[in-house]
Each structure stands twice: as C-alpha cells, then as structure tokens.
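**Q** Here it is: the structure, laid out below.
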Amino acid sequence: MSIVTLTTDFGIKDHFIANIKGAILSELPKANIIDISHQISPFNILEAAYIIQNSYRSFPLGTIHIIGVDSELNPENKHLVVKFEGQYFICADNGIMSMACLNIEPEKIVEINIHDKLITNFSVLDVFVKVACHISRGGKLEVIGKSISKIKSVKNLTPFINESKNQIIGNVIYIDNYGNVITNITKSFFREISKSREFEISVRNYKFKKIHSKYSDIVNFSIDQSKRNNDGQALAIFNSSLNLEIAIYKSNPVNFGTAASLMGLNVLDTVTINFK
Amino acid sequence: MSIVTLTTDFGIKDHFIANIKGAILSELPKANIIDISHQISPFNILEAAYIIQNSYRSFPLGTIHIIGVDSELNPENKHLVVKFEGQYFICADNGIMSMACLNIEPEKIVEINIHDKLITNFSVLDVFVKVACHISRGGKLEVIGKSISKIKSVKNLTPFINESKNQIIGNVIYIDNYGNVITNITKSFFREISKSREFEISVRNYKFKKIHSKYSDIVNFSIDQSKRNNDGQALAIFNSSLNLEIAIYKSNPVNFGTAASLMGLNVLDTVTINFK
Amino acid sequence: MSIVTLTTDFGIKDHFIANIKGAILSELPKANIIDISHQISPFNILEAAYIIQNSYRSFPLGTIHIIGVDSELNPENKHLVVKFEGQYFICADNGIMSMACLNIEPEKIVEINIHDKLITNFSVLDVFVKVACHISRGGKLEVIGKSISKIKSVKNLTPFINESKNQIIGNVIYIDNYGNVITNITKSFFREISKSREFEISVRNYKFKKIHSKYSDIVNFSIDQSKRNNDGQALAIFNSSLNLEIAIYKSNPVNFGTAASLMGLNVLDTVTINFK
C-alpha cells in the first residue's frame, strides 16, 4: 500500500481536503494519506514547485503525490502523471513539474484520459483521486492515459552570472514560516562560481561576507550569555535545502521582525553576490 | 474499525485536538482519525453545518463524525448521536444537524445520558470521545442514551421566491479559501424555478447572465494567451457542491482581491436573480 | 509500534513537517504520527511547554514526543531524551522540559551523542527522527546517548503570594484559540491559599467574585432566551486544564472581541486575587 501525499492551495478550513481523504479511504481503507501542505498561495505554481522539490525525497519509493494547485482541466491545462525518481506525481501540466524536476529527466509522463468520469469541476476529487487509487493498487499507467514525451516547461528561475564571472544575481523564490528569505542560489552553484574567492552578498542595504552552515554560528559562546546580542541579527546561511537563505537569528515577527519584513523582501526580488 | 472524523472550532495551535486524538488512540489503537476542519469560526453553527453537509458523503458507511462546535452541555444544549444516511454524528443539539440533514429524515436520534462520567468542562473529550469509541466497537446507541424523535430545528436559510416566480433572493452562506462566495441557491432549485428562462444575477453592482459549470469556461482559448485578460474576472458558477457561487477567476487576495473582498460580501448578504 | 507526536514552531505551509513524516515512514512504515501543534510562536519555549504539559497525558504509555522548537545543536543547547511518566520526549535542553515536568522527577535523562550523523542544520530531521525510530523499535537509550542527571531549569512562572497570604499575583501564560486568557494559578493552588475565603479577582479594570466550572454557569436558563444577554460577557473559570482562565462567553473576535483583545492582555501580564 503506497503512501499518498497531498499538496494543495485548498487551505484547511473548507471541506475540500476531507472530500479527497474520504474518497481515497472509500477506495483504499488502509491508505496512509500525508498532508504536505494546503497553504500554497492560490494558483502559485512557483511555491508549489518549491515545496514538492524539497519534500518528495523524504518519502519512500512508490509514494504517490497528488498536487492540487491550478488543476482545472482545460485545453491548455492537461492532467498528468509524472513518474520521477521512483515516485508518482499527479498534477496539471502547468509548469509545476518542470520546475520541481529541475534538470532530471522523468522516467515516464502520461497524459490522463479518463475524463469521461469527470463528475464536477473538482478535478482533484474526480480525477486525481481515481488515478492515485489505480496506481496504489498496482495498476499500469497506460490504463488511465497515454504516454507523452514533453511537459510544459517554465522559464526556470536560474541565477544570472555576468560575463567576467564576478557577479551572481539571484532571486528570492520562497519566504518560510520564520520570514526567512530563500534564494535560487544553491551551495553547489555558488561553489562552482566562487572558486574560494572572497565575496560580498548585497540584499537591500544589508551586506554579508560569510555564508554560515548553522544559525548559531554567529554566536560567540565564550562571551557571557547576558552580554551577547545575537537575537534579531541578520545572517546568510545555506539552509537545510542547501539554498542561500537570508535569515534573522531567532527571527520572530513580534519581537524583532523577520528577514522578509525587515528588509522588505518579496518573492522574485534580487540578491547580488560580488566576487573580488 | 470505523473512521472517526473531527470538525471543530478549536483551531490547530492549542492542545485540544491532541487531547482528543490521544484519548481515542488510548481506547482504539488502530483508529483512523481524519481532521475535517478545526477552523470553523468560534461558535458558528452555520459554517459547521455547511462543512459537514459537504463532506460526510465522501466517507464510507459507518463513519463516526465528532462535531466540537458550541458543545458545552447545558439545559438548552443536550448531547446527541444522530444516525443519518448510514453515518454517525456526535454533537450538541444546537441546530447544526438540522441544517446539515436538510430535508432528509435521520434514521435514529439518541440523547446521550452518560454525563455522570463528565470530568471537566471539555465535553468533546469527556463525552463525545467515549461515545465515538463505544460506537466504533460496535456498541448499541441505547447503552449511551435514550431515543428521541426531534432535534432542535433552525430556521433554515432557504432562498426566497416572489409570488410571480420571476425573482429569487438567496443568501451568502459561506466564503471559501479563495474568497469565493457561496450561496444557498442550488442548481436543482434554480432549474426548478428557472424553467430555462433568461435571467440576470445581481450581486452588489455586478451582473451575470450566465452560470458556468467550470471556472475556465470564461476563457476563449482561440485567442493568443498573451492577449487574454481573464485573471481577476468575476463569474457565476455552480460549484462542486452544486451551489451558485460568485467567483473571481484565479482569485488571489494579493494580486486581484477575491469575490468577497472586491464585492464587499459577507455571510447572510443577498444575491438576487431576476427572470425575464 | 509507538505513537510519535510532533510539536514544533515550523508552521504548516513549509515542507519541514513533510520531511519529518516522510523520514519516519521510510524507517517505520506503520508509524502512527500525530500532530500536536506546529503553530508554536517561533522559539517560544513557554508556549511549547504549556502545550506539551497539557497534551502528553492523553497519549498511551510509550508514546514518543518530538519537540522541534529552538532545537539547533550548539554548546548551550544539547539534545535530550527525557523519559517521564512512561513517555519519551526528544528535544533540546532549552528549558521546555523543566517547565513541562513541573515538580515531577523524570525517570531518565539522556544527552544524545549521535551527532556524527548530522547531515544538515535541520536537527529535528537529522537527529530527533533517528532517535524516535530507535526508541520505537525498542532500542535502549544508552545506545544513542549518555545518562545525565540534570536538565536546564528555567525560573518557572509560579504565582506570587504576599506574606499575609491574602493576595495572589499570577501571570498570563497562554492565550488560546478563542482569545481566552490562561493564567498560572491552578485550582489546587487557589484552594490551598483560599481556604474558602471570599475573594476578588482583578484583571485590568475587570473584577470577578466567582470562579465558574462551566462557561454556561453564567446563564440564567429560567429567563426567556430572547431576554438574556450573556454572549460577550466576561467570566472567570477553571478551564479543562484546571488553570484559572479569564474568558468571554461565546467569545468571537468578530462579534464581541475576545478576553485578550478586550482587556488588552498578553502573555506575562498579571492577574491579582485579593482575599478578605
């Protein structure tokens, strides 16, 4: 019995999630349904891709991921199953999967064609649940759709490097629960360009010359605790996803504000690194 | 082993939900507990009824629904088990079930009388969980209460029709995660009155002459994507619950505002349909 | 198979919770993972302790509680397993457990020393999950750490009593989903000091001479319902945790405001009881 995960922009107040879970459990009484997130901003495929990309690898092979973001069927928004790194993703062909897969080739892409069974305008319930249960029972993908070779690609947000390779301009791609600001500059990309040169990161009028690997790296533990002043301090870090993140130490919206609020940063804003 | 669902106004920060789940699992280690919603507005029985009404049918026969909204026992708020369409609903007699059942007669109504076991003022934990576990183990309802024939009825919000049957005045009954506005005018009711006549829906100063069955029905896919201008456009639709809904295409509070925010609509506000 | 609970300040939008659940299920496919709360205010160990204290007893013996609040490993923030009343708590040594245990002695305290397996700066995922799975499989605590005898104690918020024992000054320790205000004055403590004397509770300019045991105790059910005026009325009550709580009857932020909003109360504000 596979795990079935749910990633949606449905929120947690309405009855939509309960409909999906009830429908799955009616077909598969022993299904293990795990909520990834229902708080994706409405129709925000960039956020959905970031969440999917950073969570699927934690799950065992064979896990089935239902993605209910911008999923109404229409001529430009087909329904897909993408098999990718041994896991199944059921979603609309709206660019989420091309962003989530990055440069890795999917093992299989199937365009779902069981829409004669579409009952309402609630695609996730009428179609995605049926497909998930089919896969969970060991059913072949060919039964619910036809193989295709391409999914809709979205001009992916990759950081810009100037010609002389002494400047990276990246973008904010996500703001997390602590208001920390995550960029599309990954540790491996940074290392490739950096070649151990000195650097300065500029975000608004904040500057950073070091990228930490732990938040508490900024604390000098040899100073007496009462004399330290780290809470609320800004820092640059490679976060647990190994993306460059601008953070506030023990960020708390009430006491200090967050990186996003203090620096006035939003998704798509730029972060610049200059090398010496 | 039955599924036990939870619908409450307890929110998801406090320890209340954990108390309930821990108590159920202590009695029934294999219970499958599903959250329907914990975000019902405090004491809002109208919202609770809407959520229950739109979710229970997704669950298998025998499912047990615990409803923790306005449930403190007092002389005017007895505790009930209502058996209805093969499912069990444990709640206070505060009108939720009469609204959720609509015109369908419950199979059985039992007034719970095990309150000698009431330990604290947390009825859902002390009483509803005990009753749910009893039912889940196959116990008879007569053991935990006495059969009664009536539950508290709430003057249900049914749409008004004028004498000449050329006007329906409905009400907003719910606003969903997207800020879309759901009315008490159902598709079957509309069809019965409409008899295929032309009509105009008035909501504030917005007018609609068509009720769609899919959100993307308003998109003209023959026009090049870059030249379309549908995002943020208002429309009328029969939603997946088959209620008349006023929606904003790809509504997003940040980019366009929502139907509720743009039209200044709240629960109980009116929506009028005039027939020609 | 033990139940594993999660109490964090990670929120429910990001991928962090999914990472934890996926990692646990990869090691223990039949694990029963229960969310206690992910809405702890960032780094707020007082809130976390209150939630833990009020929820763990609902769970069966052997339950494993993962607490992901302020958990990054550093020289002043070691990682612990505390065995306490037959249950296991995995957390950082930041004061949460000393507050949650109150005056009860833990059965065992182990300082975790498997940090050679630390992969990222996400301690809960890299360390706590591994430890939880080890305990769930019946592993000994000595394998993952060394026994210690003391955990970091936090000057606990206990109410102040004046010398003549006719005044208690307590503090607000938590504000719940209804905006009701919970203090550190427990029923047993109150009774011990009170010795049945008359009293007056002062909170801002509100006064209470009675502490109720049910919210609806303030309602006079012999008066016709249409003539009553209780909704929105302030009261003092011993809540289901048996703490003194200042509440608003049927408190609702929209209609009446809440105890916290109406009285302008925050965590750590004082509540005074004078005895005659």
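All residue names refer to the structure tokens as shown: chains lettered A, B, ... in order, residues numbered from 1 in each chain, ligands numbered from 1 in order.
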Once you count only C-alpha atoms, what closest atom pair and distance in Å to one decimal does each residue of chain B within 8 Å of chain C have, with rows by chain and rising residue number, as CSV?

**A**
residue,atom,partner,partner_atom,distance
B:Phe10,CA,C:Asn177,CA,6.3
B:Gly11,CA,C:Asn177,CA,5.8
B:Ile12,CA,C:Ser37,CA,6.4
B:Lys13,CA,C:Gln39,CA,5.0
B:Asp14,CA,C:Asp176,CA,6.3
B:His15,CA,C:Ile51,CA,5.4
B:Phe16,CA,C:Ser55,CA,7.7
B:Ile17,CA,C:Ile36,CA,7.3
B:Ala18,CA,C:Ile36,CA,5.1
B:Asn19,CA,C:Ser58,CA,5.3
B:Ile20,CA,C:Ser58,CA,7.6
B:Lys21,CA,C:Ile34,CA,7.9
B:Gly22,CA,C:Phe59,CA,4.4
B:Ala23,CA,C:Ser58,CA,5.2
B:Leu25,CA,C:Phe59,CA,7.3
B:Ser26,CA,C:Pro60,CA,5.4
B:Ser41,CA,C:Asn252,CA,7.8
B:Pro42,CA,C:Asn252,CA,5.7
B:Phe43,CA,C:Lys250,CA,6.6
B:Glu72,CA,C:Ser216,CA,7.5
B:Asn74,CA,C:Ser216,CA,6.9
B:Pro75,CA,C:Phe221,CA,7.4
B:Glu76,CA,C:Phe221,CA,8.0
B:Thr120,CA,C:Ser240,CA,5.4
B:Asn121,CA,C:Lys214,CA,5.6
B:Phe122,CA,C:Ser240,CA,5.8

**Q** Enumerate as a list in words all residues of region 12-81 of chain C assigned to strand (DSSP E or B) by DSSP on the backbone, naming them with the chain letters and numbers the document uses.

**A**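 After running DSSP on the backbone, region 12-81 of chain C has strand (DSSP E or B) at Asn32, Ile33, Ile34, Asp35, Ile36, Ser37, Ile64, His65, Ile66, Ile67, Gly68, Asn74, Asn77, His79, Leu80 and Val81 of chain C.
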
**Q** How would the residues just picked look written out with C-alpha atoms as a tab-separated table (two decimals), in the first residue's frame?

**A**
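That gives us again.tsv:
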chain	number	residue	atom	x	y	z
C	32	ASN	CA	1.28	6.44	13.70
C	33	ILE	CA	2.36	10.09	13.57
C	34	ILE	CA	0.14	12.61	15.35
C	35	ASP	CA	0.49	16.38	15.03
C	36	ILE	CA	0.18	18.07	18.41
C	37	SER	CA	0.86	21.60	17.15
C	64	ILE	CA	7.37	9.30	21.71
C	65	HIS	CA	7.12	13.09	21.54
C	66	ILE	CA	9.38	15.03	19.15
C	67	ILE	CA	9.63	18.71	20.12
C	68	GLY	CA	11.05	20.90	17.37
C	74	ASN	CA	25.11	24.32	19.95
C	77	ASN	CA	21.67	23.71	23.54
C	79	HIS	CA	19.90	17.36	22.57
C	80	LEU	CA	17.99	15.27	25.10
C	81	VAL	CA	15.71	12.32	25.53

**Q** Neighbours of Ile45 (chain A) within 8 Å (only C-alpha atoms; same-chain residues fewer than 5 positions away dropped), as JSON, numbers by chain?

**A** {"A": [69, 70, 94, 95, 96]}

**Q** Do a neighbour search on Lys130 (chain B) at 10 Å with only C-alpha atoms, toss out local chain neighbours closer than 2 positions, and write the hits as a ChimeraX atom specification.

**A** /B:23-24,27,114,117,124-128,132-136,144

**Q** Can you list, as a list in words, every residue of region 1-78 of chain B that DSSP puts in helix (DSSP H, G or I)?

**A**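 Written out, the helix (DSSP H, G or I) residues of region 1-78 of chain B are Phe16, Ile17, Ala18, Asn19, Ile20, Lys21, Gly22, Ala23, Ile24, Leu25, Ser26, Glu27, Ile45, Leu46, Glu47, Ala48, Ala49, Tyr50, Ile51, Ile52, Gln53, Asn54, Ser55, Tyr56, Arg57 and Ser58 of chain B.
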
**Q** Would you work out the distance separating CA of Gly232 (chain B) from CA of Tyr206 (chain B), expressed in Å to one decimal?

**A**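 Rounded to one decimal, the two atoms are 13.7 Å apart.
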
**Q** Near Asn171 (chain A), within 10 Å and counting only C-alpha atoms, which residues show up once chain neighbours fewer than 6 positions away are dropped, as an NGL selection string?

**A** :A and (157-160 or 181-185 or 266-272)

**Q** Now that the selection is made, can you save its residues with N, CA and C atoms as a short mmCIF file (atom, residue, chain, number, x, y, z; two decimals), in the first residue's frame?

**A**
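Contents of the output file out.cif:
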data_model
loop_
_atom_site.label_atom_id
_atom_site.label_comp_id
_atom_site.auth_asym_id
_atom_site.auth_seq_id
_atom_site.Cartn_x
_atom_site.Cartn_y
_atom_site.Cartn_z
N LEU A 157 13.68 29.91 -12.98
CA LEU A 157 14.41 30.99 -12.35
C LEU A 157 15.81 30.51 -12.02
N THR A 158 16.74 30.70 -12.94
CA THR A 158 18.13 30.37 -12.60
C THR A 158 18.89 31.67 -12.39
N PRO A 159 19.86 31.65 -11.49
CA PRO A 159 20.57 32.90 -11.20
C PRO A 159 21.37 33.35 -12.42
N PHE A 160 21.54 34.64 -12.53
CA PHE A 160 22.29 35.26 -13.63
C PHE A 160 23.76 35.41 -13.22
N VAL A 181 14.28 34.30 4.07
CA VAL A 181 14.15 34.54 2.65
C VAL A 181 15.06 33.57 1.90
N ILE A 182 14.49 32.72 1.05
CA ILE A 182 15.25 31.68 0.38
C ILE A 182 15.45 32.07 -1.08
N THR A 183 16.68 31.91 -1.55
CA THR A 183 17.02 32.30 -2.92
C THR A 183 17.26 31.05 -3.78
N ASN A 184 17.34 31.29 -5.08
CA ASN A 184 17.63 30.20 -6.02
C ASN A 184 19.14 29.95 -6.19
N ILE A 185 19.97 30.54 -5.31
CA ILE A 185 21.41 30.29 -5.39
C ILE A 185 21.74 29.10 -4.49
N ASN A 266 10.33 40.39 -1.11
CA ASN A 266 9.27 39.54 -1.62
C ASN A 266 9.83 38.55 -2.62
N VAL A 267 9.02 37.53 -2.94
CA VAL A 267 9.40 36.57 -3.96
C VAL A 267 9.74 37.32 -5.26
N LEU A 268 10.80 36.92 -5.91
CA LEU A 268 11.33 37.47 -7.17
C LEU A 268 12.29 38.66 -6.98
N ASP A 269 12.35 39.23 -5.79
CA ASP A 269 13.34 40.28 -5.54
C ASP A 269 14.76 39.70 -5.70
N THR A 270 15.72 40.57 -5.99
CA THR A 270 17.08 40.09 -6.27
C THR A 270 18.01 40.13 -5.07
N VAL A 271 18.97 39.23 -5.12
CA VAL A 271 20.05 39.15 -4.14
C VAL A 271 21.34 39.06 -4.97
N THR A 272 22.31 39.93 -4.68
CA THR A 272 23.51 40.00 -5.52
C THR A 272 24.75 39.55 -4.74
#

**Q** One decimal, in Å: what's the spacing between CA of Lys207 (chain C) and CA of Ser222 (chain C)?

**A**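 Rounded to one decimal, the two atoms are 25.2 Å apart.
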
**Q** Report the distance between CA of Arg137 (chain C) and CA of Gln87 (chain C) in Å, rounded to one decimal place.

**A**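 Atom-to-atom, CA of Arg137 (chain C) to CA of Gln87 (chain C), that is 14.5 Å.
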